[in-house]
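Student: Next up, start_38.txt (compact mmCIF, C-alpha atoms).
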# COMPACT_ATOMS: atom_id res chain seq x y z
CA MET J 1 165.92 96.54 96.77
CA SER J 2 168.14 96.67 93.74
CA MET J 3 168.22 99.98 91.93
CA LYS J 4 169.53 98.37 88.78
CA ASP J 5 167.46 97.08 85.95
CA ASP J 6 168.12 95.20 82.80
CA LYS J 7 166.22 97.42 80.41
CA ASN J 8 169.35 98.37 78.56
CA ASN J 9 170.50 94.80 78.38
CA PRO J 10 167.41 93.22 76.94
CA LYS J 11 166.96 89.52 76.58
CA PRO J 12 167.32 88.34 73.00
CA VAL J 13 164.25 89.24 71.00
CA SER J 14 162.65 86.35 69.17
CA ARG J 15 162.30 86.43 65.42
CA ARG J 16 158.52 86.30 65.85
CA GLN J 17 158.55 89.37 68.11
CA VAL J 18 160.61 91.37 65.64
CA LEU J 19 158.38 90.43 62.74
CA GLN J 20 155.22 91.23 64.67
CA ALA J 21 156.51 94.55 65.93
CA GLY J 22 158.17 95.75 62.82
CA GLY J 23 155.80 94.26 60.28
CA LEU J 24 158.78 92.99 58.37
CA SER J 25 158.59 90.45 55.58
CA VAL J 26 161.63 88.26 55.50
CA ALA J 27 162.34 85.88 52.68
CA ALA J 28 162.80 82.29 53.63
CA GLY J 29 166.40 82.31 52.55
CA MET J 30 167.17 85.12 54.96
CA MET J 31 165.59 83.49 57.98
CA ALA J 32 168.82 81.91 59.08
CA THR J 33 170.67 85.19 59.22
CA ALA J 34 170.92 87.18 62.38
CA ILE J 35 168.25 89.80 63.04
CA PRO J 36 169.73 93.28 62.69
CA ALA J 37 170.40 94.78 66.09
CA ALA J 38 168.59 97.99 65.19
CA ALA J 39 165.42 96.09 64.32
CA ALA J 40 165.56 94.23 67.59
CA ARG J 41 165.98 97.48 69.47
CA GLU J 42 163.12 99.07 67.55
CA ALA J 43 160.86 96.16 68.42
CA ARG J 44 161.59 96.53 72.11
CA PHE J 45 161.40 100.29 72.28
CA VAL J 46 158.74 101.02 69.68
CA GLY J 47 156.80 103.11 72.22
CA ASP J 48 159.90 105.13 73.03
CA LEU J 49 160.48 105.77 69.33
CA ALA J 50 156.99 107.21 68.95
CA ILE J 51 157.54 109.50 71.94
CA LEU J 52 160.96 110.56 70.64
CA ASN J 53 159.52 111.51 67.27
CA VAL J 54 156.70 113.56 68.84
CA ALA J 55 159.28 115.32 70.97
CA LEU J 56 161.47 115.86 67.92
CA GLY J 57 158.52 117.51 66.15
CA LEU J 58 158.14 119.91 69.08
CA GLU J 59 161.85 120.74 68.94
CA HIS J 60 161.62 121.51 65.20
CA GLN J 61 158.65 123.77 65.89
CA ALA J 62 160.47 125.61 68.70
CA ILE J 63 163.56 126.15 66.53
CA ALA J 64 161.36 127.59 63.78
CA ALA J 65 159.55 129.84 66.25
CA TYR J 66 162.83 131.30 67.51
CA ASP J 67 163.92 131.80 63.90
CA ALA J 68 160.69 133.70 63.26
CA GLY J 69 161.24 135.80 66.38
CA ALA J 70 164.85 136.60 65.56
CA SER J 71 164.15 137.48 61.93
CA SER J 72 161.28 139.82 62.90
CA LYS J 73 163.81 142.37 64.24
CA LEU J 74 161.28 143.15 66.98
CA LEU J 75 163.34 141.79 69.87
CA SER J 76 165.62 143.92 72.02
CA ALA J 77 169.28 142.93 72.29
CA ASP J 78 168.65 141.23 75.65
CA GLN J 79 165.58 139.41 74.38
CA LEU J 80 167.47 138.27 71.32
CA LYS J 81 170.26 136.94 73.52
CA ILE J 82 167.74 134.82 75.42
CA ALA J 83 166.08 133.65 72.21
CA VAL J 84 169.39 132.60 70.64
CA SER J 85 170.48 130.79 73.79
CA PHE J 86 167.18 128.93 74.10
CA GLN J 87 167.15 128.09 70.40
CA ASN J 88 170.61 126.59 70.79
CA ASP J 89 169.23 124.42 73.59
CA HIS J 90 166.49 123.22 71.24
CA LYS J 91 169.00 122.49 68.49
CA ARG J 92 170.95 120.37 70.95
CA HIS J 93 167.74 118.57 71.96
CA ARG J 94 166.93 118.00 68.27
CA ASP J 95 170.34 116.44 67.67
CA VAL J 96 170.10 114.19 70.72
CA LEU J 97 166.58 113.03 69.83
CA THR J 98 167.51 112.47 66.17
CA GLY J 99 170.50 110.40 67.27
CA PHE J 100 168.33 108.17 69.44
CA VAL J 101 165.65 107.70 66.76
CA LYS J 102 168.28 106.63 64.24
CA ARG J 103 170.08 104.42 66.73
CA PHE J 104 166.89 102.58 67.54
CA GLY J 105 166.08 101.97 63.91
CA GLY J 106 163.45 104.66 63.39
CA THR J 107 163.13 107.50 60.92
CA PRO J 108 163.45 110.94 62.52
CA VAL J 109 160.49 113.20 61.78
CA ALA J 110 161.54 116.12 59.56
CA PRO J 111 160.68 119.76 60.24
CA LYS J 112 157.59 121.06 58.47
CA SER J 113 158.16 123.25 55.43
CA SER J 114 156.35 126.07 57.25
CA TYR J 115 154.72 126.80 60.60
CA ASP J 116 151.79 129.09 61.29
CA PHE J 117 152.65 131.11 64.38
CA GLY J 118 149.90 133.66 63.80
CA ALA J 119 150.43 137.39 63.54
CA ILE J 120 153.63 138.63 65.15
CA THR J 121 153.60 142.40 65.49
CA SER J 122 155.52 143.03 68.69
CA ALA J 123 158.24 141.64 70.94
CA ALA J 124 155.50 140.71 73.42
CA ASP J 125 153.85 138.55 70.75
CA ILE J 126 157.11 136.65 70.30
CA VAL J 127 157.67 136.18 74.03
CA LYS J 128 154.07 134.98 74.46
CA LEU J 129 154.48 132.54 71.57
CA ALA J 130 157.76 131.24 72.97
CA GLN J 131 156.31 130.90 76.47
CA SER J 132 153.32 129.01 75.14
CA LEU J 133 155.51 126.59 73.16
CA GLU J 134 157.90 126.08 76.07
CA GLU J 135 155.02 125.35 78.43
CA GLY J 136 153.60 122.86 75.96
CA ALA J 137 156.98 121.16 75.67
CA GLU J 138 157.37 121.08 79.45
CA GLY J 139 153.99 119.40 79.77
CA ALA J 140 154.77 116.93 76.99
CA TYR J 141 158.12 115.83 78.41
CA LEU J 142 156.67 115.59 81.90
CA ALA J 143 153.69 113.55 80.76
CA ASN J 144 155.84 111.13 78.79
CA ALA J 145 158.91 110.75 80.99
CA GLY J 146 157.35 107.90 82.92
CA LYS J 147 156.38 106.11 79.71
CA LEU J 148 159.94 105.76 78.43
CA GLU J 149 161.20 102.20 78.72
CA ASN J 150 164.83 102.71 77.79
CA ARG J 151 166.89 104.08 80.65
CA GLU J 152 169.42 105.73 78.34
CA ILE J 153 166.67 107.67 76.58
CA LEU J 154 165.17 108.62 79.94
CA ASN J 155 168.57 109.87 81.08
CA ALA J 156 168.72 112.09 77.99
CA ALA J 157 165.12 113.29 78.38
CA VAL J 158 165.53 114.49 81.96
CA PRO J 159 167.94 117.37 81.18
CA ILE J 160 165.72 118.32 78.24
CA LEU J 161 162.74 118.56 80.61
CA GLU J 162 164.90 120.71 82.90
CA ASP J 163 165.67 123.05 79.99
CA GLU J 164 161.99 123.37 79.06
CA VAL J 165 161.03 124.26 82.64
CA ARG J 166 163.81 126.83 82.82
CA HIS J 167 162.79 128.40 79.50
CA ASN J 168 159.14 128.50 80.50
CA THR J 169 159.92 130.03 83.89
CA VAL J 170 162.13 132.73 82.36
CA PHE J 171 159.40 133.69 79.89
CA ARG J 172 156.69 133.61 82.56
CA GLN J 173 158.78 136.02 84.61
CA LEU J 174 159.34 138.27 81.58
CA LEU J 175 155.59 138.34 80.96
CA GLY J 176 154.81 139.06 84.61
CA MET J 177 153.01 135.73 84.94
CA ASN J 178 152.76 133.81 88.18
CA VAL J 179 155.82 131.63 88.78
CA THR J 180 155.26 130.85 92.44
CA GLU J 181 152.63 128.17 91.96
CA ARG J 182 153.10 124.85 90.29
CA LEU J 183 151.60 124.50 86.83
CA LYS J 184 148.49 122.39 86.38
CA TYR J 185 148.81 119.86 83.61
CA MET I 186 163.12 139.82 108.53
CA ILE I 187 166.34 139.93 106.52
CA ILE I 188 164.73 139.87 103.07
CA GLU I 189 163.77 143.47 102.58
CA LYS I 190 165.22 144.82 99.37
CA PRO I 191 162.86 145.28 96.42
CA GLY I 192 164.67 142.80 94.18
CA CYS I 193 164.17 140.05 96.70
CA ASN I 194 160.76 141.23 97.85
CA SER I 195 159.51 140.46 94.40
CA VAL I 196 160.33 136.84 95.00
CA ALA I 197 160.31 136.02 98.67
CA PRO I 198 156.96 137.15 100.12
CA ASN I 199 154.94 135.56 97.34
CA PHE I 200 157.17 132.56 96.93
CA ASP I 201 155.22 129.42 97.60
CA GLU I 202 158.36 127.36 97.86
CA LYS I 203 157.77 126.42 101.47
CA ALA I 204 154.32 125.13 100.61
CA ASP I 205 155.75 123.24 97.63
CA GLU I 206 158.41 121.65 99.80
CA LYS I 207 155.88 120.71 102.48
CA ALA I 208 153.60 119.17 99.87
CA LYS I 209 156.55 117.26 98.45
CA GLU I 210 157.52 115.95 101.88
CA ILE I 211 153.97 114.74 102.46
CA ASN I 212 153.82 113.13 99.01
CA VAL I 213 157.20 111.44 99.37
CA ARG I 214 156.09 110.06 102.75
CA ARG I 215 152.77 108.90 101.35
CA GLU I 216 154.40 107.29 98.32
CA TRP I 217 156.99 105.60 100.50
CA LEU I 218 154.34 104.22 102.82
CA ARG I 219 152.31 103.00 99.85
CA LEU I 220 155.33 101.18 98.44
CA ALA I 221 156.20 99.78 101.84
CA GLY I 222 153.05 97.72 101.66
CA THR I 223 154.04 96.10 98.39
CA ALA I 224 157.80 96.15 98.25
CA SER I 225 160.77 96.11 100.53
CA ALA I 226 161.19 99.65 101.67
CA GLY I 227 162.61 101.17 104.78
CA GLU I 228 161.02 103.70 107.05
CA PRO I 229 160.54 107.20 105.62
CA LYS I 230 163.46 109.33 106.63
CA GLY I 231 162.41 112.01 109.08
CA PRO I 232 163.87 115.48 109.27
CA GLU I 233 167.02 115.93 111.30
CA THR I 234 166.56 117.59 114.66
CA LYS I 235 168.84 120.41 113.61
CA TYR I 236 170.44 121.72 110.45
CA ASP I 237 173.57 123.82 110.23
CA PHE I 238 173.14 126.34 107.45
CA GLY I 239 176.05 128.46 108.61
CA LYS I 240 175.73 132.15 109.33
CA LEU I 241 173.04 134.04 107.49
CA HIS I 242 173.86 137.71 107.54
CA SER I 243 171.97 139.08 104.62
CA GLU I 244 169.11 138.48 102.22
CA LYS I 245 171.67 137.36 99.67
CA ASP I 246 172.95 134.71 102.10
CA ILE I 247 169.41 133.36 102.44
CA LEU I 248 168.68 133.41 98.74
CA ARG I 249 172.01 131.76 98.00
CA LEU I 250 171.34 129.08 100.62
CA ALA I 251 167.94 128.41 99.07
CA ARG I 252 169.36 128.46 95.55
CA ASP I 253 172.11 126.00 96.46
CA ARG I 254 169.58 123.65 98.08
CA GLU I 255 167.36 123.81 94.99
CA ASN I 256 170.34 123.24 92.74
CA GLY I 257 171.32 120.20 94.77
CA ALA I 258 167.78 118.89 94.51
CA VAL I 259 167.74 119.39 90.72
CA LEU I 260 171.00 117.45 90.42
CA ALA I 261 169.78 114.71 92.73
CA TYR I 262 166.40 114.18 91.05
CA GLY I 263 167.90 114.58 87.59
CA THR I 264 170.68 112.11 88.23
CA LEU I 265 168.60 109.51 90.02
CA ALA I 266 165.46 109.63 87.85
CA SER I 267 166.52 106.78 85.61
CA ASN I 268 167.18 104.58 88.65
CA LEU I 269 163.52 104.70 89.62
CA LEU I 270 161.95 101.46 88.54
CA THR I 271 158.38 102.10 89.62
CA LYS I 272 156.52 104.19 87.06
CA ALA I 273 154.41 105.94 89.68
CA VAL I 274 157.51 106.96 91.62
CA LEU I 275 159.25 108.07 88.42
CA ASN I 276 156.26 110.22 87.46
CA PHE I 277 156.18 111.67 90.93
CA GLY I 278 159.93 112.35 90.83
CA ALA I 279 159.60 114.08 87.46
CA ASN I 280 156.95 116.39 88.89
CA VAL I 281 159.18 117.21 91.84
CA LEU I 282 162.08 117.85 89.46
CA VAL I 283 159.93 120.38 87.58
CA ASP I 284 159.30 122.24 90.83
CA GLU I 285 162.99 122.20 91.76
CA VAL I 286 164.03 123.61 88.38
CA ARG I 287 161.37 126.32 88.63
CA HIS I 288 162.56 127.28 92.11
CA ARG I 289 166.20 127.36 91.03
CA THR I 290 165.37 129.49 88.00
CA ILE I 291 163.48 132.03 90.12
CA LEU I 292 166.25 132.17 92.71
CA ASN I 293 168.90 132.49 90.00
CA ALA I 294 167.02 135.51 88.66
CA ALA I 295 166.77 137.04 92.14
CA LEU I 296 170.52 136.58 92.62
CA GLY I 297 171.44 137.84 89.17
CA ILE I 298 172.67 134.42 88.04
CA PRO I 299 171.96 134.02 84.29
CA ASN I 300 169.30 131.51 83.32
CA TYR I 301 170.45 131.42 79.71
Would you encode the structure as structure tokens?
Tutor:
Amino acid sequence: MSMKDDKNNPKPVSRRQVLQAGGLSVAAGMMATAIPAAAAREARFVGDLAILNVALGLEHQAIAAYDAGASSKLLSADQLKIAVSFQNDHKRHRDVLTGFVKRFGGTPVAPKSSYDFGAITSAADIVKLAQSLEEGAEGAYLANAGKLENREILNAAVPILEDEVRHNTVFRQLLGMNVTERLKY
Amino acid sequence: MIIEKPGCNSVAPNFDEKADEKAKEINVRREWLRLAGTASAGEPKGPETKYDFGKLHSEKDILRLARDRENGAVLAYGTLASNLLTKAVLNFGANVLVDEVRHRTILNAALGIPNY
């Protein structure tokens, strides 16, 4: 059985498919011109684009949460070190996801102007918030990994999923939560 | 029992890794057999009759052995995920990957290897 596929080398997309998928209106005089490659890619991977943008929204939220935690001055030096390291991971994820959305002809979702993380009055509140967000992200990436059609995007999503699991596990350990049983999604 | 020190006790006695691995083996076998009915697949690979893990003198040796195995599994599943063409197998592989990363993270912590 061949382990290769042709998902990254798609067959030419028909003009009809692009128009249907993208809802584009093309003037008659432009019909003879070549379809932009980005539009063709978007048509083929429209489902992937939606997933990427949801994931990007989660990354924006995580980055903001770590900002809130760091600026609260409630974290110990060690906790802050973890928070900064994990936030850097999320910034890297954000950049990767944004790059893919743009490359495939989509518009990257922007961060919200503000996020409501509830009342943060202790370091434990911050760790609980971070753990909750990381677990949500872990579940989201896991649930959607199998839905990605583009192999290149899937290749990029796998290490992101690994990061989310690592973050979640570290926080679960810090909070004294069970880490020896698999999570139920 | 070599694993005796408190730092490792916090991980090892409660660690459900063996159960996870057994469940994975059963699921991989089941999935393989299911696919064998619909696609060209070989026989499920059985365990070797013997494994050489070298000399294990201390709890650290055991934890390091386990950590290295988990790390290898993370790399293997992570690298090969995008080669899986069947969605069901990919989903299954992603779930296994999550377990492997969790195991590696716990073992890293037990060994004092930074997780960040």
Student: Can you list every residue of region 47-121 of chain J that has an atom at most 10 Å from region 132-135 of chain J, with its nearest atom pair and the distance in Å to one decimal, using all atoms listed in the file, ordered by chain then number, as a Markdown table?
Tutor:
| residue | atom | partner | partner_atom | distance |
| --- | --- | --- | --- | --- |
| J:Leu58 | CA | J:Leu133 | CA | 8.3 |
| J:Glu59 | CA | J:Leu133 | CA | 9.6 |
| J:Gln61 | CA | J:Leu133 | CA | 8.4 |
| J:Ala62 | CA | J:Leu133 | CA | 6.7 |
| J:Ala65 | CA | J:Leu133 | CA | 8.6 |
| J:Phe86 | CA | J:Glu134 | CA | 9.9 |
Student: Kindly indicate which residue among I:Leu275, I:Leu241, I:Gly231, I:Val286 lies nearest to Val259 (chain I), using only C-alpha atoms for the distances.
Tutor: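 Among the listed residues, the smallest separation from Val259 (chain I) belongs to I:Val286.
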Student: What separation in Å, quoted to one decimal, exists between CA of Thr290 (chain I) and CA of Arg92 (chain J)?
Tutor: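 Spanning CA of Thr290 (chain I) to CA of Arg92 (chain J) is a straight-line distance of 20.1 Å.
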Student: Hey, can you check how far CA of Ala140 (chain J) sits from CA of Ile120 (chain J)?
Tutor: 24.7 Å
Student: Mind giving me the straight-line distance from CA of Lys91 (chain J) to CA of Ile298 (chain I) in Å, one decimal?
Tutor: 23.2 Å
Student: Quick one: of J:Ala143, J:Val170, J:Ala68, J:Leu52, who's nearest to Gly99 (chain J), counting only C-alpha atoms?
Tutor: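 The shortest atom-to-atom distance to Gly99 (chain J) comes from J:Leu52.
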Student: Using all atoms listed in the file, I'd like every residue of chain J that has an atom within 6 Å of chain I; please write them out as a ChimeraX atom specification.
Tutor: /J:3,85,146,151,155,180
Student: Taking all atoms listed in the file into account, name the residue in J:Ala55, J:Phe104, J:Gly69, J:Gly176 that is nearest to Phe117 (chain J).
Tutor: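 Nearest candidate to Phe117 (chain J) out of J:Ala55, J:Phe104, J:Gly69, J:Gly176: J:Gly69.
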Student: Would you mind listing what lies within 7 Å of Leu161 (chain J) as a PDB file with C-alpha atoms, in the frame of the given file, with only C-alpha atoms counted and same-chain residues fewer than 2 positions away left out?
Tutor:
ATOM      1  CA  GLU J 138     157.370 121.080  79.450  1.00  0.00           C
ATOM      2  CA  TYR J 141     158.120 115.830  78.410  1.00  0.00           C
ATOM      3  CA  LEU J 142     156.670 115.590  81.900  1.00  0.00           C
ATOM      4  CA  ALA J 157     165.120 113.290  78.380  1.00  0.00           C
ATOM      5  CA  VAL J 158     165.530 114.490  81.960  1.00  0.00           C
ATOM      6  CA  PRO J 159     167.940 117.370  81.180  1.00  0.00           C
ATOM      7  CA  ASP J 163     165.670 123.050  79.990  1.00  0.00           C
ATOM      8  CA  GLU J 164     161.990 123.370  79.060  1.00  0.00           C
ATOM      9  CA  VAL J 165     161.030 124.260  82.640  1.00  0.00           C
TER      10      VAL J 165
END
